[in-house]
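Heads up: the structure comes next, in structure tokens.
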Amino acid sequence: MTPQPIVLRSILPLGTYVQGLRQPVVLAGAVLDATQLADDLAGRLQAVLLPHLPALTTAQAALRHLQTEPVQESTDAAQLMLDMLGALVARLHEASGLPVMERARCLSKPGAKVAVLAFPTLSAQAVVLALRWLVPLACTLAQSPAQGSLLPAQEASLQDLLAQLERLAPVGQNNRHFLRAAHQLRIPCQALPGGVWQFGWGRRARLLLSAISDDTGTIGVGWARDKVATSALLRMAGLPVPAHQIARSAEEASQIADALGFPVVVKPAELDQGIGVEAGLQTPDEVRRAYERAAKLSPKTLVEKHIDGKDYRLMVFQDRLIWANERLPAAVTGDGQSSVLDLVELANRDPRRGAQKWSQMSPITLNDEAHELLAAAGLSPASVPAQGLWVRLRRAANVSSGGTPVACFEQVHPDNAQLAVHAARLLRLDMAGVDLLLPDIAVSWRESGGAICEVNAQPQMGQTSPHLHGQILSGLVQGDGRVPACLVLSPDGGALAQQLTQGLQQEGLAAMPATDASALPGCWLDPACGAVVLVGDGARVRRSGLPADRFDVLVLDETVLHSDTPAALLKLLRPHVSVLVLRSQNPESQALCQRFFHDKFLHLVTSDAQLLAIVAQLMHRSDKAHAMHGANRTQP
């Protein structure tokens, strides 16, 4: 058998926390043969892979863990390869829609026989799949020094890998951005069934399904998804909405358009994100063709009076306008030299555009609607538009159909902001994207005219304004969303945890006991949980890591330190623990703990009464700190 430069010895999905990392980790053990690791192998691995992955967005490029340079300058080929494996696993995650918030860390000492890497991840399976694809590729490149690109079979297997990883990614781009924002705000999160995510623990936790929160009314969501019902409700309240009717055939659509007066809009009545919307239709033939396309997407199709004006998306959250964009339709601008087809290709090179669900903007395509608009302008895909000529390729201005968002929040007239807020409030929506058609967002609709086009109960913000997710989480979640957590490591941990729990309950903190790590998620999920007291085992923690990224209080009996590696246990605990309460009368145990915990973070007790009193005080203090965490950050 040909010797391999890298051999994966083990991949262990711990699902726990180590080394201060704030995502659950997968541990991978690898043996690297320095005699077969050329100095340029890590660079070659990067060079053959990156051309086949989507370009980094601006936000991704700012994240250090996605950069493929080594953490430190090194000439050691083994260290370079370990750094590169960590970075490329992260790049494969991000290319598939799996957000990665922290860089992989090497837990072993340089030169160790088996190198151990810790990969923080939302999906352990994704790390396993990525490593099992990357390591054989690296070995192949080591044995084929002349290979400078992926072979066809390798490229096909890469596409298969990306498809597998994408199936493991969070559903919807909003979830992806909320997860990244939660990490930045230090708010813990966990996946729940049905694509729902929980942000925070216990009584401070909030639930989100994309942009639908646990405050969002079911009735309002139903209204917003039915354009007929939405318009009827807004019209009853005296808000401006365009006249429309449901058409049941292409011919009826044409008749309705004639009655309403051209131009008109044809759109599916029960779809969001501008799917199937065609605006500014001027002739019966255009209406019939638009109806046929819309009817393939939805059983109900609307013909609506076209409102002249620019297309604006106003984002409302908790009765406040928090953002606004003008949405420009898909279009290209002539340069006097390039064809329409070439201009479209050039526009699609914008790294913000991509076919992935999480891309900031969608690619521009030349579909039937685009061909109709080109023909109406006397052009074709092969035509060369004159310098500066703006060539429209979509009637509607939705970002999902290739449109471009332009921020205009600072220009919104107060009347227009209030119109959007009023519409969201009528539908009982805590979060909504309100689409307005107005001549100018800076002029009141009462003066200029205009109308509410749609109200979206589940607006996709990642494409146009990804910064909003942090603002929204800050408004939804109190503090950092955590409730105080105490970890008890003691031979009589069960009895001690029960005493601590009862004491906290008597003092008004709704504490819950967790007899082991498997019971912890049940506490986090319970909205009645105001604190948690977890019983742990020192040997298991040392072997497998911690079941949560942070504990406010660690209660440690000195007998737990009577092992072969007490310093290793304390070293593992320190990054994840705020305060240590040590029950000990042994000066050596006290001195050992003082090496890892400064006096400010170490409390020594000798009796149960002392222990109960100090833990209750610390847990109450932590509860207030969690509630106030980030109180000075910008609110939406």
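We name chains A, B, ... following the order of the structure tokens; residues begin at 1 in each chain, and ligands are numbered from 1 as shown.
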
Non-local contacts of region 259-274 of chain A (6 Å; only C-alpha atoms; under 6 positions in same chain excluded) as a compact mmCIF listing (two decimals) with N, CA, C and O atoms, in the first residue's frame:
# COMPACT_ATOMS: atom_id res chain seq x y z
N ARG A 225 -50.38 36.19 3.49
CA ARG A 225 -50.13 35.23 2.40
C ARG A 225 -51.28 35.21 1.38
O ARG A 225 -51.16 34.57 0.34
N ASP A 226 -52.34 35.89 1.70
CA ASP A 226 -53.48 35.99 0.78
C ASP A 226 -53.62 37.44 0.37
O ASP A 226 -54.12 38.28 1.11
N LYS A 227 -53.14 37.76 -0.81
CA LYS A 227 -53.11 39.16 -1.26
C LYS A 227 -54.51 39.76 -1.34
O LYS A 227 -54.70 40.96 -1.12
N GLY A 280 -46.80 46.73 -15.08
CA GLY A 280 -46.71 47.63 -16.22
C GLY A 280 -47.14 47.03 -17.54
O GLY A 280 -46.65 47.44 -18.60
N LEU A 281 -48.06 46.05 -17.50
CA LEU A 281 -48.53 45.41 -18.73
C LEU A 281 -49.44 46.38 -19.49
O LEU A 281 -50.38 46.95 -18.94
N GLN A 282 -49.16 46.53 -20.79
CA GLN A 282 -49.81 47.59 -21.57
C GLN A 282 -50.84 47.09 -22.58
O GLN A 282 -51.64 47.87 -23.08
N ALA A 294 -48.21 33.10 -14.60
CA ALA A 294 -48.58 33.15 -13.18
C ALA A 294 -49.44 31.96 -12.79
O ALA A 294 -49.32 31.43 -11.67
N SER A 298 -49.55 29.40 -9.20
CA SER A 298 -50.55 29.54 -8.14
C SER A 298 -51.95 29.28 -8.70
O SER A 298 -52.22 29.64 -9.86
N LYS A 300 -54.60 30.78 -7.87
CA LYS A 300 -55.33 32.05 -7.91
C LYS A 300 -54.42 33.14 -8.48
O LYS A 300 -53.29 33.32 -8.00
N THR A 301 -54.93 33.83 -9.50
CA THR A 301 -54.12 34.88 -10.15
C THR A 301 -54.89 36.19 -10.13
O THR A 301 -56.08 36.24 -10.44
N LEU A 302 -54.17 37.25 -9.74
CA LEU A 302 -54.77 38.58 -9.65
C LEU A 302 -54.39 39.45 -10.86
O LEU A 302 -53.25 39.39 -11.34
N VAL A 303 -55.35 40.23 -11.28
CA VAL A 303 -55.07 41.33 -12.21
C VAL A 303 -55.33 42.62 -11.44
O VAL A 303 -56.41 42.82 -10.88
N GLU A 304 -54.32 43.48 -11.38
CA GLU A 304 -54.36 44.63 -10.48
C GLU A 304 -54.03 45.90 -11.26
O GLU A 304 -53.21 45.89 -12.19
N LYS A 305 -54.66 46.99 -10.89
CA LYS A 305 -54.36 48.28 -11.50
C LYS A 305 -52.92 48.68 -11.19
O LYS A 305 -52.49 48.68 -10.04
N HIS A 306 -52.17 49.00 -12.23
CA HIS A 306 -50.78 49.41 -12.05
C HIS A 306 -50.72 50.82 -11.44
O HIS A 306 -51.43 51.73 -11.88
N ASN A 398 -38.43 43.10 -7.91
CA ASN A 398 -38.03 42.23 -6.80
C ASN A 398 -36.58 41.79 -6.90
O ASN A 398 -36.09 41.45 -7.99

Per residue of region 137-225 of chain A within 12 Å of region 409-424 of chain A, what are the shortest atom pair and its distance in Å to one decimal, counting only C-alpha atoms, with rows by chain and residue number, as CSV?
residue,atom,partner,partner_atom,distance
A:Thr216,CA,A:Ala424,CA,10.8
A:Gly217,CA,A:Ala424,CA,11.2
A:Gly220,CA,A:Ala424,CA,8.8
A:Val221,CA,A:Ala424,CA,10.6
A:Trp223,CA,A:Ala424,CA,11.0
A:Ala224,CA,A:Ala424,CA,9.4

Skipping near chain neighbours, those fewer than 4 positions away, what residues fall within 9 Å of Asn348 (chain A) using only C-alpha atoms, listed as a PyMOL selection string? chain A and resi 343-344+352-354+362-364

Write out, as a PDB file, in the first residue's frame, the residues just selected, with C-alpha atoms.
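Final output, saved to selection-v8.pdb:
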ATOM      1  CA  LEU A 343     -23.903  42.974 -20.271  1.00  0.00           C
ATOM      2  CA  VAL A 344     -26.016  40.440 -18.380  1.00  0.00           C
ATOM      3  CA  ARG A 352     -23.267  39.678  -4.439  1.00  0.00           C
ATOM      4  CA  ARG A 353     -25.190  37.800  -7.122  1.00  0.00           C
ATOM      5  CA  GLY A 354     -25.424  34.031  -6.990  1.00  0.00           C
ATOM      6  CA  SER A 362     -30.086  36.776  -7.577  1.00  0.00           C
ATOM      7  CA  PRO A 363     -28.546  36.481 -11.053  1.00  0.00           C
ATOM      8  CA  ILE A 364     -30.203  38.279 -13.964  1.00  0.00           C
TER       9      ILE A 364
END

Using only C-alpha atoms for the distances, tell me which of A:Gly43, A:Gly97, A:Gly450, A:Gly202 is nearest to Cys523 (chain A).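 Distance minimum relative to Cys523 (chain A) lands on A:Gly202.
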
Region 615-632 of chain A surroundings by only C-alpha atoms, 8 Å radius, close-in-sequence under 6 positions cut, as a ChimeraX atom specification: /A:185,478-486,500,503-504,509,552-553,581

What does the file look like for those residues with all heavy atoms, as a compact mmCIF listing (two decimals), in the first residue's frame?
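Printed below is again_17.txt as written:
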# COMPACT_ATOMS: atom_id res chain seq x y z
N LEU A 185 -23.75 38.44 19.31
CA LEU A 185 -24.39 38.98 20.51
C LEU A 185 -24.25 38.06 21.71
O LEU A 185 -24.77 38.35 22.78
CB LEU A 185 -25.88 39.24 20.24
CG LEU A 185 -26.19 40.30 19.19
CD1 LEU A 185 -27.67 40.27 18.82
CD2 LEU A 185 -25.79 41.68 19.69
N GLN A 478 -34.20 39.34 25.58
CA GLN A 478 -33.75 40.15 26.72
C GLN A 478 -32.29 39.83 27.05
O GLN A 478 -31.94 38.67 27.27
CB GLN A 478 -34.61 39.89 27.95
CG GLN A 478 -34.21 40.74 29.15
CD GLN A 478 -34.93 40.36 30.42
OE1 GLN A 478 -35.43 39.25 30.54
NE2 GLN A 478 -35.00 41.27 31.37
N GLY A 479 -31.46 40.85 27.08
CA GLY A 479 -30.05 40.65 27.41
C GLY A 479 -29.39 39.69 26.44
O GLY A 479 -29.53 39.79 25.23
N ASP A 480 -28.65 38.71 26.99
CA ASP A 480 -28.03 37.70 26.15
C ASP A 480 -28.86 36.43 26.07
O ASP A 480 -28.39 35.40 25.57
CB ASP A 480 -26.60 37.38 26.62
CG ASP A 480 -26.55 36.84 28.04
OD1 ASP A 480 -27.62 36.54 28.61
OD2 ASP A 480 -25.45 36.70 28.59
N GLY A 481 -30.11 36.50 26.56
CA GLY A 481 -31.02 35.38 26.44
C GLY A 481 -30.74 34.23 27.38
O GLY A 481 -31.47 33.23 27.37
N ARG A 482 -29.74 34.34 28.22
CA ARG A 482 -29.37 33.23 29.10
C ARG A 482 -30.05 33.34 30.45
O ARG A 482 -30.40 34.43 30.90
CB ARG A 482 -27.85 33.20 29.30
CG ARG A 482 -27.07 32.97 28.03
CD ARG A 482 -25.57 33.13 28.25
NE ARG A 482 -24.83 33.07 27.00
CZ ARG A 482 -24.20 31.99 26.56
NH1 ARG A 482 -24.18 30.88 27.29
NH2 ARG A 482 -23.57 32.00 25.40
N VAL A 483 -30.23 32.19 31.09
CA VAL A 483 -30.59 32.14 32.50
C VAL A 483 -29.37 31.58 33.23
O VAL A 483 -28.56 30.87 32.64
CB VAL A 483 -31.83 31.25 32.75
CG1 VAL A 483 -33.05 31.85 32.07
CG2 VAL A 483 -31.61 29.82 32.29
N PRO A 484 -29.18 31.92 34.50
CA PRO A 484 -27.98 31.47 35.20
C PRO A 484 -27.88 29.94 35.25
O PRO A 484 -28.89 29.25 35.43
CB PRO A 484 -28.11 32.08 36.59
CG PRO A 484 -29.54 32.47 36.72
CD PRO A 484 -30.04 32.76 35.36
N ALA A 485 -26.66 29.45 35.08
CA ALA A 485 -26.42 28.01 35.06
C ALA A 485 -25.31 27.67 36.03
O ALA A 485 -24.27 28.34 36.07
CB ALA A 485 -26.05 27.56 33.66
N CYS A 486 -25.54 26.62 36.82
CA CYS A 486 -24.57 26.16 37.82
C CYS A 486 -24.21 24.72 37.51
O CYS A 486 -25.10 23.88 37.29
CB CYS A 486 -25.17 26.28 39.22
SG CYS A 486 -24.13 25.60 40.53
N LEU A 500 -29.33 22.95 46.29
CA LEU A 500 -29.14 24.24 45.62
C LEU A 500 -30.40 24.66 44.87
O LEU A 500 -30.81 25.82 44.93
CB LEU A 500 -27.97 24.16 44.65
CG LEU A 500 -26.57 24.07 45.27
CD1 LEU A 500 -25.53 23.75 44.21
CD2 LEU A 500 -26.21 25.38 45.98
N GLY A 503 -33.06 25.80 47.32
CA GLY A 503 -32.70 27.08 47.89
C GLY A 503 -32.95 28.23 46.93
O GLY A 503 -33.48 29.28 47.30
N LEU A 504 -32.60 28.04 45.66
CA LEU A 504 -32.83 29.07 44.65
C LEU A 504 -34.32 29.30 44.42
O LEU A 504 -34.77 30.44 44.25
CB LEU A 504 -32.15 28.69 43.33
CG LEU A 504 -30.62 28.66 43.35
CD1 LEU A 504 -30.07 28.05 42.07
CD2 LEU A 504 -30.06 30.08 43.54
N LEU A 509 -35.91 32.33 42.39
CA LEU A 509 -35.31 32.02 41.10
C LEU A 509 -35.82 30.64 40.67
O LEU A 509 -35.57 29.65 41.34
CB LEU A 509 -33.78 32.01 41.21
CG LEU A 509 -32.97 32.24 39.94
CD1 LEU A 509 -33.34 33.55 39.26
CD2 LEU A 509 -31.48 32.24 40.27
N ASP A 552 -22.25 29.95 34.80
CA ASP A 552 -21.99 31.09 35.66
C ASP A 552 -21.24 30.69 36.92
O ASP A 552 -20.38 31.41 37.41
CB ASP A 552 -23.32 31.75 36.04
CG ASP A 552 -24.06 32.26 34.83
OD1 ASP A 552 -23.69 33.32 34.30
OD2 ASP A 552 -25.00 31.58 34.38
N VAL A 553 -21.60 29.52 37.45
CA VAL A 553 -21.01 29.05 38.70
C VAL A 553 -20.61 27.59 38.55
O VAL A 553 -21.39 26.77 38.04
CB VAL A 553 -22.00 29.19 39.88
CG1 VAL A 553 -21.37 28.70 41.18
CG2 VAL A 553 -22.47 30.64 40.02
N VAL A 581 -16.70 27.93 42.96
CA VAL A 581 -16.93 27.79 44.40
C VAL A 581 -16.33 26.45 44.80
O VAL A 581 -16.85 25.39 44.41
CB VAL A 581 -18.43 27.85 44.75
CG1 VAL A 581 -18.62 27.66 46.25
CG2 VAL A 581 -19.02 29.18 44.31

Quick one: DSSP alpha helix (DSSP H) residues in region 193-414 of chain A, as JSON, numbers by chain? {"A": [218, 219, 220, 221, 222, 223, 224, 227, 228, 229, 230, 231, 232, 233, 234, 235, 236, 250, 251, 252, 253, 254, 255, 256, 257, 258, 259, 260, 284, 285, 286, 287, 288, 289, 290, 291, 292, 293, 294, 295, 340, 341, 342, 343, 344, 345, 346, 347, 368, 369, 370, 371, 372, 373, 374, 375, 376, 414]}

Shortest interatomic distance to Thr606 (chain A) - which of A:Val116, A:Ala124, A:Leu556, A:Leu573, counting only C-alpha atoms: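 Using only C-alpha atoms, the shortest distance to Thr606 (chain A) belongs to A:Leu556.
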
Please list as a PyMOL selection string every residue within 10 Å of region 164-178 of chain A, counting only C-alpha atoms and excluding residues in the same chain fewer than 2 positions away. chain A and resi 92-100+122-127+129-130+158-162+180-184+189+191+194-197+199+208-212+356-360+458-463+466-473

Close residues, Ala376 (chain A) itself excluded, 12 Å, only C-alpha atoms, min 2 positions apart in chain, as a PyMOL selection string: chain A and resi 281-283+286+369-374+378-380+391-393

Nearest to His562 (chain A) among A:Leu612, A:Val579, A:Leu592, A:Ala324, with distances taken over only C-alpha atoms: which residue is it?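 Checking each candidate against His562 (chain A), we get A:Leu592 as the closest.
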